[in-house]
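Remarks on the structure that follows.
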Amino acid sequence: MKLLPSLAALLTGLMFANMSLAEPLAKPVGDVVLTVSGNISNTNDGEAAKFDRAMLEEIGMVDISTNSPWYDEVKTFSGVPMKDLMELVGAKGTTINAVALNDYETEVPMSDAQETGMILAMKLDGQDMEVRDKGPIFLIYPYDSNPTFQNQAYYARSAWQVTRLIVR
Amino acid sequence: MTRLLGILICMFIGATVYMSSTVAQRQSVLREVAHHNDTWAISQTVSEFMRLEAQLAFYSLSLEETSIDDVRLRLDIIISRTISFKEGTLKDFLESKPFRKDTITELVSLIDELDKNLDTMDVAQIEDILVRMSALNGPLTHLSAQSVQKSWEDIEGNLEALENLHLIYSLVVAFLILCWGVLVILVFRHNRLLKQAQKEAEGLNNSLSAAGQELREKNRRLEYLAHYDSLTKLPNRVLFWEELEKALKASEPGASSVTLLLLDLDDFKSINDTMGHDLGDMLLDQVSARMLKFGTDAQMFCRLGGDEFACLLVGKTLDESLAFARGLAGWIALPYKIFNREIRIGCSVGLANADQPRCDDAQMLFKRADIGLYRAKASMQERICLFEDYMQAEFDDRQELEHDLRLAVERDEFELVYQKQVEVMSLNVHGVEALVRWNHPTRGQISPAAFIPIAEELGIIVELGEVILRRACIEATKWTKPIKIAVNLSPIQLQAPGIVGTVLEILNETGLDPARLELEITETVVLNDRNGVVDILNDLRALGVTIAIDDFGTGYSSLAVLRDIPFDTIKLDKAFVRDIAVSPEAEALVKLVIDVGNHLGRTVIIEGIETEAQHQCIRRMGCQVSQGFYFARPVKASMLDFLHVA
């Protein structure tokens, strides 16, 4: 019984080690749209990891079509799964603080990144989201997939105009 | 009850459905309250608008290295905010009042203008727009305040709705509780009714089984009563007949011979009469008990009634059956002790065997045993009599005779003959004895000794005696000499009620002088009820009639009879006279009787004088009156010439 958790820890450790070792983060070429800081191991600018749009899109885009409190109809959001991003930067922590352009800050539990399938949406119905369209990054949960997500707690975590993530 | 339960359950379901819908309503109301974040959006707009204003001011003053991009970012942020003004509840709120609409329109047009001209604007233009923007600060803050106010109103409304819902919810819950209570009461009531019904059913069942038990008991009792004698506990006639018929049906000649015994206690009637019925019953009970003890190999004992019993023997030879009967009779004859008194009683037994002679019919076998019993009772010596064929013939003969005798009274087949009684010395007629003869159509003349006992048994003796007496009296009245006429009275006749009246009536009818009538009785009449007989005799003598004791010396003669009985004449039986001429002992006995009579002053009539020697003998003894063939044979009335000639 004691062996299992330690084995799991070892495996995940190896996985992260592999990633970070095999692919060190490149420097952003275009405008930086996201800066990840805090308790992370894979960085490209001092203590932080900075991403331009292309770098993020390279991680792998995922689509979520869902109703939401901000639009009257179903919208398709495309973006990077939070889980993948956290693995890429070698995040170790319990919460992710998402900070928006207007300094709105919201706390997302690390477990949400692992379990809910939330994404950092960058496109709305195939179009890049500008600041005036709640871009560059909108935290989106798959609300329609589970009634527990149709809840004020999750709506409150869904910050828009996000530019920074701090892992704690 | 079931209907009420159904209605209740329907109400229960309805209330539950209504309650769950109420709960759903409540949740949606709650969600709306939480959902209401339009206020937040408006207040954020105010702050973002002011940050844009500040950024634009910094830019125009070239402070803190503010670039046009920074202004653009703030502008984008506020634009993104204004886009959301066109969606959902926020749009509704903002368009509901002209002030709000005007404020928002002004805001949007200002932002649009800025968006279009930002890159080309000079400082003066910026200052101008800043002035316009600052003019909008007040209305926007006012809008935010209105939104907060509206929010509170909504919350109040929602709270009110919630309160209403709560009230309804409470009512429904109360109603459910009430339903539940009624249901519980119903269930209890139902349970109680069930228990009661069960108890009632149990009671009913119990009383039913009790009644059944009682019925069975009664049936058994009835059956017992129908088949058993209540006194002796022996099977009764009914059961005995069934057994007898069964045994006869099952019997095969020789192999399992059936013998029927009929027992009758001797003189039980007199024991019953003199010692009381209680004692009689106890005696019967003890006799039965002895039978059962003795006859372990008997098929069955039974009490037929009164002092008559029966016994069924199966599989015994004739000799064995006879031995059984003798043993049983001896066993029954042993003394009994009842109320500290020793009682002896004998019994007569009639036997009939189904094989010798052959007989398959129960009725017939019973009749045969009865004939055997009859003969046993009639016989002085043998108390046990086995039926044999010839007895049937005798029995039939007697039956026929009985039958004829009954008819004879009606047909007047009786004839009176008369025998003279003479005075020994003078040979003058003393009187005449009337004797009855039965002229049977086929059998000829039958003597009284043969048919009088039968007439007594049949109970026609009284009637017959009356006929004889009347005829004798009529005859006597025709005579020229007033001599005595002697007529025999049977003991039964004498003791029949109204004999004195009958005699008086006949005397009156015929006009015969009572002094001429002499009634002859036998000394056996005094054996039972001596006092009663004495009274009757006294009454008869009071009429003037005289009484003669007939056949004296043959029965239970004793001096006491002569002392106690009121009589006028002794008629000595002819048996004493037969050897009178040759035997001094006989002569002495006759002399004794004559002397007793003379001393008592009574007439003595010597019967049976047939020879001159006998006549001389009694003459010497001083006998006054005599009767016999020597003097005259009995003759018909028409032959009594000496009494008729004028």
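Naming scheme: A, B, ... for chains in displayed order of the structure tokens; residues 1 onward per chain; ligands 1 onward as shown.
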Can you list every residue in stretch 137-336 of chain B that DSSP puts in alpha helix (DSSP H), as a VMD selection string? chain B and resid 137 to 227 237 to 250 268 to 275 277 to 294 318 to 333
Give the strand (DSSP E) residues of stretch 425-507 of chain B, as assigned by DSSP on the backbone, as a PDB file with N, CA and C atoms, in the first residue's frame.
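Now in states_1.pdb:
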ATOM      1  N   VAL B 429    -130.193 -86.791  47.534  1.00  0.00           N
ATOM      2  CA  VAL B 429    -129.359 -85.808  46.824  1.00  0.00           C
ATOM      3  C   VAL B 429    -129.051 -84.626  47.765  1.00  0.00           C
ATOM      4  N   HIS B 430    -127.750 -84.362  47.898  1.00  0.00           N
ATOM      5  CA  HIS B 430    -127.342 -83.208  48.728  1.00  0.00           C
ATOM      6  C   HIS B 430    -127.214 -81.962  47.858  1.00  0.00           C
ATOM      7  N   GLY B 431    -126.568 -82.179  46.707  1.00  0.00           N
ATOM      8  CA  GLY B 431    -126.390 -81.050  45.781  1.00  0.00           C
ATOM      9  C   GLY B 431    -125.849 -81.564  44.463  1.00  0.00           C
ATOM     10  N   VAL B 432    -125.532 -80.587  43.579  1.00  0.00           N
ATOM     11  CA  VAL B 432    -125.016 -80.962  42.260  1.00  0.00           C
ATOM     12  C   VAL B 432    -123.791 -80.070  41.951  1.00  0.00           C
ATOM     13  N   GLU B 433    -122.709 -80.723  41.484  1.00  0.00           N
ATOM     14  CA  GLU B 433    -121.557 -79.908  41.064  1.00  0.00           C
ATOM     15  C   GLU B 433    -121.611 -79.742  39.566  1.00  0.00           C
ATOM     16  N   ALA B 434    -121.486 -78.490  39.137  1.00  0.00           N
ATOM     17  CA  ALA B 434    -121.478 -78.218  37.696  1.00  0.00           C
ATOM     18  C   ALA B 434    -120.045 -78.334  37.200  1.00  0.00           C
ATOM     19  N   LEU B 435    -119.865 -79.097  36.143  1.00  0.00           N
ATOM     20  CA  LEU B 435    -118.520 -79.288  35.560  1.00  0.00           C
ATOM     21  C   LEU B 435    -118.570 -78.870  34.096  1.00  0.00           C
ATOM     22  N   VAL B 436    -117.518 -78.246  33.615  1.00  0.00           N
ATOM     23  CA  VAL B 436    -117.535 -77.734  32.241  1.00  0.00           C
ATOM     24  C   VAL B 436    -116.799 -78.676  31.311  1.00  0.00           C
ATOM     25  N   ARG B 437    -117.338 -78.807  30.107  1.00  0.00           N
ATOM     26  CA  ARG B 437    -116.707 -79.599  29.053  1.00  0.00           C
ATOM     27  C   ARG B 437    -116.571 -78.702  27.831  1.00  0.00           C
ATOM     28  N   TRP B 438    -115.458 -78.939  27.082  1.00  0.00           N
ATOM     29  CA  TRP B 438    -115.299 -78.183  25.826  1.00  0.00           C
ATOM     30  C   TRP B 438    -115.472 -79.149  24.685  1.00  0.00           C
ATOM     31  N   ASN B 439    -116.512 -78.944  23.927  1.00  0.00           N
ATOM     32  CA  ASN B 439    -116.731 -79.799  22.761  1.00  0.00           C
ATOM     33  C   ASN B 439    -116.016 -79.190  21.556  1.00  0.00           C
ATOM     34  N   HIS B 440    -114.771 -79.620  21.373  1.00  0.00           N
ATOM     35  CA  HIS B 440    -113.960 -79.077  20.280  1.00  0.00           C
ATOM     36  C   HIS B 440    -114.425 -79.660  18.962  1.00  0.00           C
ATOM     37  N   GLY B 444    -112.885 -83.265  19.708  1.00  0.00           N
ATOM     38  CA  GLY B 444    -113.833 -83.902  20.611  1.00  0.00           C
ATOM     39  C   GLY B 444    -113.867 -83.198  21.944  1.00  0.00           C
ATOM     40  N   GLN B 445    -114.250 -83.940  22.995  1.00  0.00           N
ATOM     41  CA  GLN B 445    -114.370 -83.338  24.324  1.00  0.00           C
ATOM     42  C   GLN B 445    -112.995 -83.118  24.951  1.00  0.00           C
ATOM     43  N   ILE B 446    -112.796 -81.930  25.510  1.00  0.00           N
ATOM     44  CA  ILE B 446    -111.531 -81.627  26.173  1.00  0.00           C
ATOM     45  C   ILE B 446    -111.843 -81.310  27.625  1.00  0.00           C
ATOM     46  N   LYS B 484    -128.353 -77.699  46.493  1.00  0.00           N
ATOM     47  CA  LYS B 484    -127.177 -76.847  46.239  1.00  0.00           C
ATOM     48  C   LYS B 484    -126.640 -77.045  44.828  1.00  0.00           C
ATOM     49  N   ILE B 485    -126.154 -75.965  44.238  1.00  0.00           N
ATOM     50  CA  ILE B 485    -125.426 -76.075  42.982  1.00  0.00           C
ATOM     51  C   ILE B 485    -123.995 -75.581  43.255  1.00  0.00           C
ATOM     52  N   ALA B 486    -122.974 -76.448  42.999  1.00  0.00           N
ATOM     53  CA  ALA B 486    -121.574 -76.091  43.259  1.00  0.00           C
ATOM     54  C   ALA B 486    -120.894 -75.728  41.954  1.00  0.00           C
ATOM     55  N   VAL B 487    -120.222 -74.568  41.961  1.00  0.00           N
ATOM     56  CA  VAL B 487    -119.525 -74.117  40.740  1.00  0.00           C
ATOM     57  C   VAL B 487    -118.061 -73.798  41.113  1.00  0.00           C
ATOM     58  N   ASN B 488    -117.130 -74.243  40.246  1.00  0.00           N
ATOM     59  CA  ASN B 488    -115.698 -73.985  40.498  1.00  0.00           C
ATOM     60  C   ASN B 488    -115.310 -72.561  40.110  1.00  0.00           C
TER      61      ASN B 488
END
Only residues of chain B matter here; which ones have an atom within 12 Å of chain A, counting only C-alpha atoms? Give them as an mmCIF file with N, CA and C atoms, in the first residue's frame.
data_model
loop_
_atom_site.group_PDB
_atom_site.id
_atom_site.type_symbol
_atom_site.label_atom_id
_atom_site.label_comp_id
_atom_site.auth_asym_id
_atom_site.auth_seq_id
_atom_site.Cartn_x
_atom_site.Cartn_y
_atom_site.Cartn_z
ATOM 1 N N SER B 28 -34.022 27.392 -8.188
ATOM 2 C CA SER B 28 -33.821 28.285 -9.327
ATOM 3 C C SER B 28 -33.808 29.742 -8.856
ATOM 4 N N LEU B 30 -32.784 30.775 -5.938
ATOM 5 C CA LEU B 30 -31.493 30.961 -5.275
ATOM 6 C C LEU B 30 -30.383 31.195 -6.300
ATOM 7 N N ARG B 31 -30.487 30.346 -7.370
ATOM 8 C CA ARG B 31 -29.461 30.471 -8.401
ATOM 9 C C ARG B 31 -29.506 31.867 -9.013
ATOM 10 N N GLU B 32 -30.686 32.392 -9.250
ATOM 11 C CA GLU B 32 -30.837 33.714 -9.847
ATOM 12 C C GLU B 32 -30.177 34.775 -8.975
ATOM 13 N N VAL B 33 -30.355 34.627 -7.669
ATOM 14 C CA VAL B 33 -29.759 35.602 -6.757
ATOM 15 C C VAL B 33 -28.242 35.608 -6.907
ATOM 16 N N ALA B 34 -27.706 34.355 -6.924
ATOM 17 C CA ALA B 34 -26.260 34.245 -6.999
ATOM 18 C C ALA B 34 -25.756 34.685 -8.376
ATOM 19 N N HIS B 35 -26.607 34.457 -9.358
ATOM 20 C CA HIS B 35 -26.245 34.701 -10.749
ATOM 21 C C HIS B 35 -26.114 36.197 -11.052
ATOM 22 N N HIS B 36 -26.741 36.917 -10.178
ATOM 23 C CA HIS B 36 -26.875 38.349 -10.494
ATOM 24 C C HIS B 36 -25.565 39.108 -10.289
ATOM 25 N N ASN B 37 -24.781 39.048 -11.326
ATOM 26 C CA ASN B 37 -23.485 39.764 -11.170
ATOM 27 C C ASN B 37 -23.369 40.952 -12.135
ATOM 28 N N ASP B 38 -24.538 41.378 -12.638
ATOM 29 C CA ASP B 38 -24.526 42.545 -13.535
ATOM 30 C C ASP B 38 -23.972 43.776 -12.815
ATOM 31 N N TRP B 40 -21.773 43.910 -10.571
ATOM 32 C CA TRP B 40 -20.300 43.840 -10.601
ATOM 33 C C TRP B 40 -19.757 44.349 -11.950
ATOM 34 N N ALA B 41 -20.391 43.898 -13.025
ATOM 35 C CA ALA B 41 -19.932 44.297 -14.365
ATOM 36 C C ALA B 41 -19.995 45.815 -14.520
ATOM 37 N N GLN B 44 -17.365 47.530 -12.454
ATOM 38 C CA GLN B 44 -16.057 47.332 -13.088
ATOM 39 C C GLN B 44 -15.895 48.304 -14.260
ATOM 40 N N THR B 45 -17.023 48.497 -14.995
ATOM 41 C CA THR B 45 -16.994 49.413 -16.139
ATOM 42 C C THR B 45 -16.574 50.814 -15.678
ATOM 43 N N SER B 47 -14.825 51.600 -13.042
ATOM 44 C CA SER B 47 -13.401 51.671 -12.679
ATOM 45 C C SER B 47 -12.505 51.602 -13.924
ATOM 46 N N GLU B 48 -12.921 50.721 -14.897
ATOM 47 C CA GLU B 48 -12.113 50.597 -16.113
ATOM 48 C C GLU B 48 -12.153 51.893 -16.942
ATOM 49 N N PHE B 49 -13.378 52.528 -16.937
ATOM 50 C CA PHE B 49 -13.531 53.802 -17.638
ATOM 51 C C PHE B 49 -12.587 54.857 -17.040
ATOM 52 N N MET B 50 -12.529 54.837 -15.716
ATOM 53 C CA MET B 50 -11.684 55.840 -15.045
ATOM 54 C C MET B 50 -10.202 55.552 -15.269
ATOM 55 N N ARG B 51 -9.845 54.227 -15.339
ATOM 56 C CA ARG B 51 -8.433 53.893 -15.614
ATOM 57 C C ARG B 51 -8.039 54.348 -17.015
ATOM 58 N N LEU B 52 -9.002 54.205 -17.982
ATOM 59 C CA LEU B 52 -8.746 54.667 -19.335
ATOM 60 C C LEU B 52 -8.522 56.190 -19.332
ATOM 61 N N ASP B 70 -0.424 51.484 -24.367
ATOM 62 C CA ASP B 70 -1.053 51.337 -23.053
ATOM 63 C C ASP B 70 -2.480 51.874 -23.064
ATOM 64 N N ARG B 72 -4.293 52.142 -25.727
ATOM 65 C CA ARG B 72 -5.069 51.242 -26.576
ATOM 66 C C ARG B 72 -5.560 50.017 -25.783
ATOM 67 N N LEU B 73 -4.665 49.480 -24.935
ATOM 68 C CA LEU B 73 -5.056 48.295 -24.116
ATOM 69 C C LEU B 73 -6.247 48.629 -23.229
ATOM 70 N N ARG B 74 -6.173 49.813 -22.576
ATOM 71 C CA ARG B 74 -7.285 50.214 -21.695
ATOM 72 C C ARG B 74 -8.575 50.398 -22.481
ATOM 73 N N LEU B 75 -8.345 50.967 -23.716
ATOM 74 C CA LEU B 75 -9.502 51.188 -24.578
ATOM 75 C C LEU B 75 -10.146 49.866 -24.979
ATOM 76 N N ASP B 76 -9.272 48.903 -25.322
ATOM 77 C CA ASP B 76 -9.781 47.562 -25.710
ATOM 78 C C ASP B 76 -10.586 46.930 -24.563
ATOM 79 N N ILE B 77 -10.004 47.114 -23.363
ATOM 80 C CA ILE B 77 -10.679 46.522 -22.196
ATOM 81 C C ILE B 77 -12.077 47.099 -22.024
ATOM 82 N N ILE B 78 -12.202 48.423 -22.160
ATOM 83 C CA ILE B 78 -13.520 49.048 -21.983
ATOM 84 C C ILE B 78 -14.448 48.675 -23.137
ATOM 85 N N ILE B 79 -13.846 48.491 -24.338
ATOM 86 C CA ILE B 79 -14.674 48.080 -25.489
ATOM 87 C C ILE B 79 -15.250 46.689 -25.238
ATOM 88 N N SER B 80 -14.334 45.814 -24.764
ATOM 89 C CA SER B 80 -14.831 44.447 -24.477
ATOM 90 C C SER B 80 -15.982 44.498 -23.463
ATOM 91 N N ARG B 81 -15.871 45.481 -22.572
ATOM 92 C CA ARG B 81 -16.933 45.605 -21.556
ATOM 93 C C ARG B 81 -18.237 46.082 -22.195
ATOM 94 N N THR B 82 -18.122 47.066 -23.117
ATOM 95 C CA THR B 82 -19.343 47.602 -23.727
ATOM 96 C C THR B 82 -20.021 46.575 -24.618
ATOM 97 N N ILE B 83 -19.209 45.630 -25.163
ATOM 98 C CA ILE B 83 -19.813 44.584 -25.993
ATOM 99 C C ILE B 83 -20.798 43.767 -25.160
ATOM 100 N N SER B 84 -20.397 43.475 -23.920
ATOM 101 C CA SER B 84 -21.271 42.651 -23.068
ATOM 102 C C SER B 84 -22.544 43.390 -22.633
ATOM 103 N N PHE B 85 -22.566 44.755 -22.862
ATOM 104 C CA PHE B 85 -23.795 45.507 -22.554
ATOM 105 C C PHE B 85 -24.945 45.136 -23.467
ATOM 106 N N LYS B 86 -24.580 44.494 -24.571
ATOM 107 C CA LYS B 86 -25.636 44.168 -25.549
ATOM 108 C C LYS B 86 -26.203 42.761 -25.348
ATOM 109 N N GLU B 87 -25.788 42.122 -24.266
ATOM 110 C CA GLU B 87 -26.218 40.731 -24.045
ATOM 111 C C GLU B 87 -27.016 40.591 -22.739
ATOM 112 N N GLY B 88 -27.993 39.682 -22.737
ATOM 113 C CA GLY B 88 -28.665 39.170 -21.516
ATOM 114 C C GLY B 88 -29.331 40.218 -20.654
ATOM 115 N N THR B 89 -29.293 39.958 -19.402
ATOM 116 C CA THR B 89 -30.023 40.764 -18.424
ATOM 117 C C THR B 89 -29.425 42.162 -18.290
ATOM 118 N N LEU B 90 -28.117 42.254 -18.574
ATOM 119 C CA LEU B 90 -27.446 43.542 -18.474
ATOM 120 C C LEU B 90 -28.053 44.517 -19.481
ATOM 121 N N LYS B 91 -28.319 44.018 -20.691
ATOM 122 C CA LYS B 91 -28.933 44.827 -21.744
ATOM 123 C C LYS B 91 -30.322 45.309 -21.276
ATOM 124 N N ASP B 115 -11.748 55.477 -30.196
ATOM 125 C CA ASP B 115 -11.194 54.327 -30.909
ATOM 126 C C ASP B 115 -10.769 54.731 -32.328
#
Pick out the residues sitting within 10 Å of B:Ile461, and hand them over as an MDAnalysis selection string; count only C-alpha atoms, and ignore anything fewer than 6 positions along from it in its own chain. chainID B and resid 409 451:455 467 489:493 496
Quick one: residues within 12 Å of A:Glu57, only C-alpha atoms, excluding same-chain residues fewer than 2 positions away - as a PDB file with C-alpha atoms, in the first residue's frame?
ATOM      1  CA  VAL A  33       0.558  36.812 -24.503  1.00  0.00           C
ATOM      2  CA  PHE A  51       4.706  32.391 -24.372  1.00  0.00           C
ATOM      3  CA  ASP A  52       3.666  33.959 -27.639  1.00  0.00           C
ATOM      4  CA  ARG A  53       0.564  32.739 -29.508  1.00  0.00           C
ATOM      5  CA  ALA A  54       2.504  30.338 -31.688  1.00  0.00           C
ATOM      6  CA  MET A  55       4.216  28.695 -28.743  1.00  0.00           C
ATOM      7  CA  ILE A  59       1.366  22.714 -27.254  1.00  0.00           C
ATOM      8  CA  GLY A  60      -1.868  21.403 -28.792  1.00  0.00           C
ATOM      9  CA  MET A  61      -5.257  23.016 -29.283  1.00  0.00           C
ATOM     10  CA  VAL A  62      -8.520  21.613 -27.937  1.00  0.00           C
ATOM     11  CA  SER A  78     -10.343  26.679 -28.790  1.00  0.00           C
ATOM     12  CA  GLY A  79      -7.268  26.665 -26.624  1.00  0.00           C
ATOM     13  CA  VAL A  80      -4.545  24.830 -24.756  1.00  0.00           C
ATOM     14  CA  PRO A  81      -5.518  22.449 -21.950  1.00  0.00           C
ATOM     15  CA  ASP A  84      -0.712  20.273 -20.644  1.00  0.00           C
ATOM     16  CA  LEU A  85       0.607  23.772 -19.955  1.00  0.00           C
ATOM     17  CA  ILE A 119      -8.567  25.189 -21.319  1.00  0.00           C
ATOM     18  CA  LEU A 120      -6.872  28.523 -21.889  1.00  0.00           C
ATOM     19  CA  ALA A 121      -9.138  29.604 -24.744  1.00  0.00           C
ATOM     20  CA  MET A 122      -7.524  31.789 -27.413  1.00  0.00           C
ATOM     21  CA  LYS A 123     -10.057  31.475 -30.211  1.00  0.00           C
ATOM     22  CA  ASP A 128      -8.370  34.856 -32.431  1.00  0.00           C
TER      23      ASP A 128
END
Tell me which protein, DNA and RNA residues are within 12 Å of B:Phe58, counting only C-alpha atoms, leaving out same-chain ones fewer than 5 positions away, and put them as a PyMOL selection string. chain B and resi 51-53+63-68+70-71+123+126-127+130
With C-alpha atoms retained, write the just-selected residues as an mmCIF file, in the first residue's frame.
data_model
loop_
_atom_site.group_PDB
_atom_site.id
_atom_site.type_symbol
_atom_site.label_atom_id
_atom_site.label_comp_id
_atom_site.auth_asym_id
_atom_site.auth_seq_id
_atom_site.Cartn_x
_atom_site.Cartn_y
_atom_site.Cartn_z
ATOM 1 C CA ARG B 51 -8.433 53.893 -15.614
ATOM 2 C CA LEU B 52 -8.746 54.667 -19.335
ATOM 3 C CA GLU B 53 -9.335 58.310 -18.447
ATOM 4 C CA LEU B 63 4.106 61.082 -17.898
ATOM 5 C CA GLU B 64 5.667 57.808 -16.697
ATOM 6 C CA GLU B 65 6.641 56.811 -20.191
ATOM 7 C CA THR B 66 3.057 56.077 -21.125
ATOM 8 C CA SER B 67 2.769 54.831 -24.691
ATOM 9 C CA ILE B 68 -0.159 54.908 -27.068
ATOM 10 C CA ASP B 70 -1.053 51.337 -23.053
ATOM 11 C CA VAL B 71 -3.962 53.624 -23.857
ATOM 12 C CA VAL B 123 -3.185 67.208 -27.116
ATOM 13 C CA ILE B 126 -7.331 64.778 -25.994
ATOM 14 C CA GLU B 127 -8.046 67.467 -23.419
ATOM 15 C CA LEU B 130 -11.032 64.101 -21.288
#
